[in-house]
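Q: One structure, pasted below without further comment.
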Amino acid sequence: MAMEMRARESIGMSEDLTRAIAPYATALHDMFLHSHCSSCFRKLPLQPPCAMSCILCCSVQYCCSDCLSSDHEMHSSSGECCFFADHLKKASPSYITEGTSDVRASLRLLYFLEMHGLVSSDSINRSSRIGGLSTIGIHEVLEEGGEVAERILKGSMLMSSARKMRKQTSVVFSNGLIVEIMALWAVMINSVEVQITEEWDLGIAVYGPSFSWFNHSCFPNASYRFELAPPNEDYVSDKSEYRAVPASKGVAPDAWHTLQFEEGSTHALGKYGPRVVVRCIKPINKGDEVCITYIDLLQTREARHSDLWSKYKFICSCERCTASPESYVDFILNVPDSLCLTYTFCELTWYTYQCDFRNLNSPENAFISRAVEGFDDILQQAISEYSLGDDPKACCAMIESLLSENLMGDLQQVELSRKRHILHPLHHICLRAYMTLASAYRFRALEFNTDGFKGENSAVSFKMTKAAVAYSFLLAGATHHLFLSERSFMTSLAHFLLSAGRSMLDFVECVKGERRKNVSQAKFSSASCSASSGTRDSMQYHQFRSTCEEFGKRMLSLSLQCWPFLVQSSPCLEKIKNPIDFSWLGTAIFQSLHLSEVDSANLSCTDGLEILTEEQKGCILNLAICCITFCKYLANICYGPQHYLANHAKDLLEGINLAQ
């Protein structure tokens, strides 16, 4: 009994597929309850008029009287107020530290469904849905036991107790499950994290069938963004037509009833909660299924399946997961370096490759697989040192030692040395390592860099900042390489490009003390890229591909000039000949860009300069602007021009212009 959403008509890329969809229920994460409005999710005002709170539980805050009045009934009548006032105090310390947003969202969801007649004992007994939301897998979860089952049982007991205090009893079904269990599980597998800034996920939101019926794909053709309703205004229903419509595979009539209610009763939904809009990132033909992604796509097939099963209780059978042979991106994310050496005569095309897999089950490769698992354990330990132990120095040392000993460098040198390196620079473990190192070095740089690169800590601060730039750019470059063969990675690429560009700007600003010099040169050099930065709502695919190729060539040309300096004195980074074009790894790696004679000569030259020259400073600034402009272009396509990612890129570029 599955649902799916299909295109009503043929749609070009970078077009919205839905109106701004209002949520059924929302809940801020615990850490934001006293800093953000529980109704609209905006930051609470620091100046008068001051924030308001519930006078009974004092646990939820509102930015204005309109938000307070719009949310008061939901907060009090759902049992959330009772939950805060009494039962949260009795919960175990471990439960409190795990967070309560899912329980509170479940209370709100259940009240909403009950008030609108969208839940009943009969409807849940007949199907695996509650209010049109999937609850598939709940029986298996409870039978298996474990942490998730324990959390569901504890949470449902707290919900039931809070709901009884507001003089409304729980509904018990013939199969022994109570409605609270079903609602909590529906929230756990249907809610999405609300992110309206780069910093943190503020909370969770549960949407009706018009959003929750979009299925997952590991090669998605759509993404989604969040929008906040205008403050201090009555919500005006968005009557724009849905361009993706549901298609049923045996779903019960109750589910259709929920969808019809949602489409016809927009005013009955939350007044200010964050809206969600689905947007296509690839051209879609009429009748094609529209899919989003539920998980991180930069994972191997095994990791994706494990992630999806643990969170949603299904195994993905999308095009990427069922491809035979497997897609290029899965091949390159997972294949050990020794296999890259074995298959140096593979013929790789834009999307697929062909090679002989007869030796994949050999004892040697079984040993390599165990070694890779050990590397993953080391990486996890290093991340824990950073995130839990607050020791970024130990984290960097552990990961760089791992990369120095096992990361492959120049292919010919590896063959001559006969040393068996297991990891290549595009392996999924390496991508996670780059991400962690970029963050850890950025954190360490902030600790030392109090007055630019001056004073007693100047040398250490300079080294930390330079390493943060190198790893963030390497992560962006590796993701760009994968993006060239699968456009679904553009969302990840946009985020990594912004992070790399911002790190470069910070580095140049600290070195120079300001950003004024070379700005005009940088603007001129990236003009061809920025001129086509996607201000229209849609575009032709060939235009998109051509523009991306121009950005790639520009990043490659600039990286050849400044990469030798960035990797200097870093044993593992020095193994990376270039972070944009990976053809130096050998013919088993897809050569994405055609190098000019000058660029080919620069790629062959690996000697870095010992000092940072004015020319290199300007080159790094050029590269920063190119990365940020590319991010803005991709963000406009994935999310639209008003998304926080596009706005941040725009602000950074305008800041450089003002520095002239």
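Residue numbers start at 1 in each chain; chains themselves are named A, B, ... in the order of the structure tokens; ligands are numbered from 1 in the order shown.
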With stretch 216-222 of chain A as the partner and 12 Å as the cut-off, tabulate the residues of stretch 6-107 of chain A that qualify, each row holding the nearest pair of atoms and their distance in Å to one decimal, using only C-alpha atoms, sorted by chain and rising number, as CSV.
A:
```
residue,atom,partner,partner_atom,distance
A:Arg6,CA,A:Asn221,CA,11.3
A:Ala7,CA,A:Asn221,CA,11.0
A:Ile11,CA,A:Asn221,CA,11.0
A:Gly12,CA,A:Asn221,CA,10.9
A:Met13,CA,A:Asn221,CA,8.8
A:Ser14,CA,A:Ala222,CA,8.9
A:Glu15,CA,A:Ala222,CA,9.5
A:Asp16,CA,A:Ala222,CA,9.2
A:Leu17,CA,A:Ala222,CA,8.7
A:Thr18,CA,A:Ala222,CA,11.0
```
Q: Measuring atom to atom with only C-alpha atoms, identify which of A:Cys572, A:Leu446, A:Ile196, A:Leu498 is nearest to A:His643.
A: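 Closest residue, counting only C-alpha atoms: A:Ile196.
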Q: Applying 10 Å and only C-alpha atoms, which residues near A:Arg42 remain after dropping the ones on its own chain fewer than 4 positions away? List them as a PyMOL selection string.
A: chain A and resi 35-38+62-63+196+202+228-229+231+272-274
Q: So, counting only C-alpha atoms, which residue among A:Met555, A:Cys510, A:Cys638, A:Val119 is closest to A:Lys282?
A: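 Smallest distance to A:Lys282 is found for A:Cys638.
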Q: With only C-alpha atoms as the counted atoms, please give the residues lying no more than 10 Å from stretch 370-377 of chain A, apart from itself and same-chain residues fewer than 6 positions off, as a PDB file with all heavy atoms, in the first residue's frame.
A:
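Contents of part_30.pdb, freshly written:
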```
ATOM      1  N   ASN A 334      33.376   3.341  -2.984  1.00  0.00           N
ATOM      2  CA  ASN A 334      33.560   2.141  -2.172  1.00  0.00           C
ATOM      3  C   ASN A 334      34.759   1.307  -2.561  1.00  0.00           C
ATOM      4  O   ASN A 334      35.278   0.554  -1.747  1.00  0.00           O
ATOM      5  CB  ASN A 334      32.309   1.257  -2.235  1.00  0.00           C
ATOM      6  CG  ASN A 334      32.254   0.250  -1.115  1.00  0.00           C
ATOM      7  OD1 ASN A 334      32.637   0.541   0.015  1.00  0.00           O
ATOM      8  ND2 ASN A 334      31.787  -0.950  -1.424  1.00  0.00           N
ATOM      9  N   PRO A 336      38.266  -0.164  -3.044  1.00  0.00           N
ATOM     10  CA  PRO A 336      39.582   0.082  -2.458  1.00  0.00           C
ATOM     11  C   PRO A 336      40.580   0.477  -3.520  1.00  0.00           C
ATOM     12  O   PRO A 336      40.422   0.169  -4.709  1.00  0.00           O
ATOM     13  CB  PRO A 336      39.955  -1.263  -1.821  1.00  0.00           C
ATOM     14  CG  PRO A 336      38.664  -2.001  -1.686  1.00  0.00           C
ATOM     15  CD  PRO A 336      37.827  -1.536  -2.833  1.00  0.00           C
ATOM     16  N   ILE A 383      36.323  11.323  15.319  1.00  0.00           N
ATOM     17  CA  ILE A 383      35.186  12.249  15.341  1.00  0.00           C
ATOM     18  C   ILE A 383      34.657  12.388  16.765  1.00  0.00           C
ATOM     19  O   ILE A 383      34.278  13.486  17.196  1.00  0.00           O
ATOM     20  CB  ILE A 383      34.094  11.759  14.376  1.00  0.00           C
ATOM     21  CG1 ILE A 383      34.595  11.833  12.926  1.00  0.00           C
ATOM     22  CG2 ILE A 383      32.820  12.585  14.530  1.00  0.00           C
ATOM     23  CD1 ILE A 383      33.642  11.238  11.907  1.00  0.00           C
ATOM     24  N   ILE A 399      43.294  11.323  12.282  1.00  0.00           N
ATOM     25  CA  ILE A 399      42.834  11.192  10.896  1.00  0.00           C
ATOM     26  C   ILE A 399      43.984  11.385   9.916  1.00  0.00           C
ATOM     27  O   ILE A 399      44.109  10.636   8.933  1.00  0.00           O
ATOM     28  CB  ILE A 399      41.702  12.194  10.613  1.00  0.00           C
ATOM     29  CG1 ILE A 399      40.489  11.904  11.491  1.00  0.00           C
ATOM     30  CG2 ILE A 399      41.295  12.134   9.146  1.00  0.00           C
ATOM     31  CD1 ILE A 399      39.344  12.871  11.300  1.00  0.00           C
ATOM     32  N   LEU A 402      46.076   8.348   9.706  1.00  0.00           N
ATOM     33  CA  LEU A 402      45.382   7.340   8.899  1.00  0.00           C
ATOM     34  C   LEU A 402      45.565   7.610   7.411  1.00  0.00           C
ATOM     35  O   LEU A 402      45.896   6.698   6.638  1.00  0.00           O
ATOM     36  CB  LEU A 402      43.895   7.340   9.260  1.00  0.00           C
ATOM     37  CG  LEU A 402      42.961   6.513   8.376  1.00  0.00           C
ATOM     38  CD1 LEU A 402      43.244   5.031   8.547  1.00  0.00           C
ATOM     39  CD2 LEU A 402      41.496   6.807   8.703  1.00  0.00           C
ATOM     40  N   LEU A 403      45.373   8.861   7.001  1.00  0.00           N
ATOM     41  CA  LEU A 403      45.493   9.209   5.584  1.00  0.00           C
ATOM     42  C   LEU A 403      46.933   9.103   5.105  1.00  0.00           C
ATOM     43  O   LEU A 403      47.193   8.640   3.985  1.00  0.00           O
ATOM     44  CB  LEU A 403      44.962  10.626   5.353  1.00  0.00           C
ATOM     45  CG  LEU A 403      43.462  10.845   5.587  1.00  0.00           C
ATOM     46  CD1 LEU A 403      43.089  12.302   5.323  1.00  0.00           C
ATOM     47  CD2 LEU A 403      42.620   9.931   4.711  1.00  0.00           C
ATOM     48  N   ASN A 406      47.798   5.380   4.488  1.00  0.00           N
ATOM     49  CA  ASN A 406      46.969   4.533   3.626  1.00  0.00           C
ATOM     50  C   ASN A 406      46.430   5.211   2.379  1.00  0.00           C
ATOM     51  O   ASN A 406      45.810   4.541   1.544  1.00  0.00           O
ATOM     52  CB  ASN A 406      45.782   3.991   4.428  1.00  0.00           C
ATOM     53  CG  ASN A 406      46.216   3.144   5.592  1.00  0.00           C
ATOM     54  OD1 ASN A 406      46.619   1.997   5.427  1.00  0.00           O
ATOM     55  ND2 ASN A 406      46.152   3.713   6.795  1.00  0.00           N
ATOM     56  N   ILE A 422      45.459   1.397   0.388  1.00  0.00           N
ATOM     57  CA  ILE A 422      44.087   0.895   0.329  1.00  0.00           C
ATOM     58  C   ILE A 422      43.086   1.990  -0.025  1.00  0.00           C
ATOM     59  O   ILE A 422      42.086   1.729  -0.685  1.00  0.00           O
ATOM     60  CB  ILE A 422      43.716   0.220   1.667  1.00  0.00           C
ATOM     61  CG1 ILE A 422      44.578  -1.033   1.840  1.00  0.00           C
ATOM     62  CG2 ILE A 422      42.244  -0.148   1.731  1.00  0.00           C
ATOM     63  CD1 ILE A 422      44.314  -1.788   3.120  1.00  0.00           C
ATOM     64  N   LEU A 423      43.339   3.215   0.391  1.00  0.00           N
ATOM     65  CA  LEU A 423      42.385   4.301   0.168  1.00  0.00           C
ATOM     66  C   LEU A 423      42.812   5.177  -0.993  1.00  0.00           C
ATOM     67  O   LEU A 423      43.990   5.532  -1.121  1.00  0.00           O
ATOM     68  CB  LEU A 423      42.251   5.153   1.433  1.00  0.00           C
ATOM     69  CG  LEU A 423      41.722   4.464   2.686  1.00  0.00           C
ATOM     70  CD1 LEU A 423      41.721   5.437   3.854  1.00  0.00           C
ATOM     71  CD2 LEU A 423      40.325   3.915   2.446  1.00  0.00           C
ATOM     72  N   HIS A 428      34.776   6.921   0.236  1.00  0.00           N
ATOM     73  CA  HIS A 428      33.823   7.551   1.147  1.00  0.00           C
ATOM     74  C   HIS A 428      34.446   7.845   2.513  1.00  0.00           C
ATOM     75  O   HIS A 428      34.082   8.837   3.162  1.00  0.00           O
ATOM     76  CB  HIS A 428      32.579   6.673   1.304  1.00  0.00           C
ATOM     77  CG  HIS A 428      32.784   5.409   2.086  1.00  0.00           C
ATOM     78  ND1 HIS A 428      32.531   5.319   3.436  1.00  0.00           N
ATOM     79  CD2 HIS A 428      33.222   4.176   1.695  1.00  0.00           C
ATOM     80  CE1 HIS A 428      32.799   4.089   3.853  1.00  0.00           C
ATOM     81  NE2 HIS A 428      33.222   3.382   2.824  1.00  0.00           N
ATOM     82  N   ILE A 429      35.387   7.028   2.946  1.00  0.00           N
ATOM     83  CA  ILE A 429      36.072   7.307   4.216  1.00  0.00           C
ATOM     84  C   ILE A 429      36.882   8.587   4.104  1.00  0.00           C
ATOM     85  O   ILE A 429      36.928   9.403   5.035  1.00  0.00           O
ATOM     86  CB  ILE A 429      36.959   6.114   4.615  1.00  0.00           C
ATOM     87  CG1 ILE A 429      36.079   4.965   5.105  1.00  0.00           C
ATOM     88  CG2 ILE A 429      37.966   6.504   5.696  1.00  0.00           C
ATOM     89  CD1 ILE A 429      36.839   3.731   5.532  1.00  0.00           C
ATOM     90  N   CYS A 430      37.522   8.786   2.965  1.00  0.00           N
ATOM     91  CA  CYS A 430      38.313  10.010   2.765  1.00  0.00           C
ATOM     92  C   CYS A 430      37.413  11.242   2.752  1.00  0.00           C
ATOM     93  O   CYS A 430      37.779  12.280   3.316  1.00  0.00           O
ATOM     94  CB  CYS A 430      39.104   9.911   1.467  1.00  0.00           C
ATOM     95  SG  CYS A 430      40.429   8.681   1.519  1.00  0.00           S
ATOM     96  N   ARG A 432      34.609  11.716   4.336  1.00  0.00           N
ATOM     97  CA  ARG A 432      34.253  12.018   5.729  1.00  0.00           C
ATOM     98  C   ARG A 432      35.451  12.571   6.487  1.00  0.00           C
ATOM     99  O   ARG A 432      35.305  13.434   7.360  1.00  0.00           O
ATOM    100  CB  ARG A 432      33.722  10.748   6.405  1.00  0.00           C
ATOM    101  CG  ARG A 432      32.358  10.322   5.884  1.00  0.00           C
ATOM    102  CD  ARG A 432      31.990   8.932   6.364  1.00  0.00           C
ATOM    103  NE  ARG A 432      32.077   8.815   7.818  1.00  0.00           N
ATOM    104  CZ  ARG A 432      32.373   7.692   8.453  1.00  0.00           C
ATOM    105  NH1 ARG A 432      32.642   6.592   7.766  1.00  0.00           N
ATOM    106  NH2 ARG A 432      32.398   7.665   9.756  1.00  0.00           N
ATOM    107  N   ALA A 433      36.629  12.080   6.161  1.00  0.00           N
ATOM    108  CA  ALA A 433      37.839  12.586   6.802  1.00  0.00           C
ATOM    109  C   ALA A 433      38.072  14.055   6.450  1.00  0.00           C
ATOM    110  O   ALA A 433      38.390  14.875   7.323  1.00  0.00           O
ATOM    111  CB  ALA A 433      39.046  11.742   6.390  1.00  0.00           C
TER     112      ALA A 433
END
```
Q: Between atom CA of A:Tyr111 and atom CA of A:Met74, what is the spacing in Å?
A: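 Between atom CA of A:Met74 and atom CA of A:Tyr111 the gap works out to 7.5 Å.
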Q: Calculate how many Å separate atom CA of A:Val276 from atom CA of A:Phe226, rounding to one decimal.
A: 4.6 Å
Q: For A:Asp102, which of A:Ala323, A:Leu56, A:Ile204, A:Ala149 is the closest residue, counting only C-alpha atoms?
A: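 Smallest separation from A:Asp102 among the options: A:Ile204.
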Q: May I ask for the distance between atom CA of A:Leu333 and atom CA of A:Ser191, given in Å to one decimal place?
A: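 Pair atom CA of A:Leu333 / atom CA of A:Ser191 returns 28.8 Å.
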Q: With distances taken over only C-alpha atoms, which residue among A:Ala468, A:Cys318, A:Cys81, A:Cys619 lies nearest A:Ser570?
A: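 The answer is A:Ala468, which sits nearest to A:Ser570.
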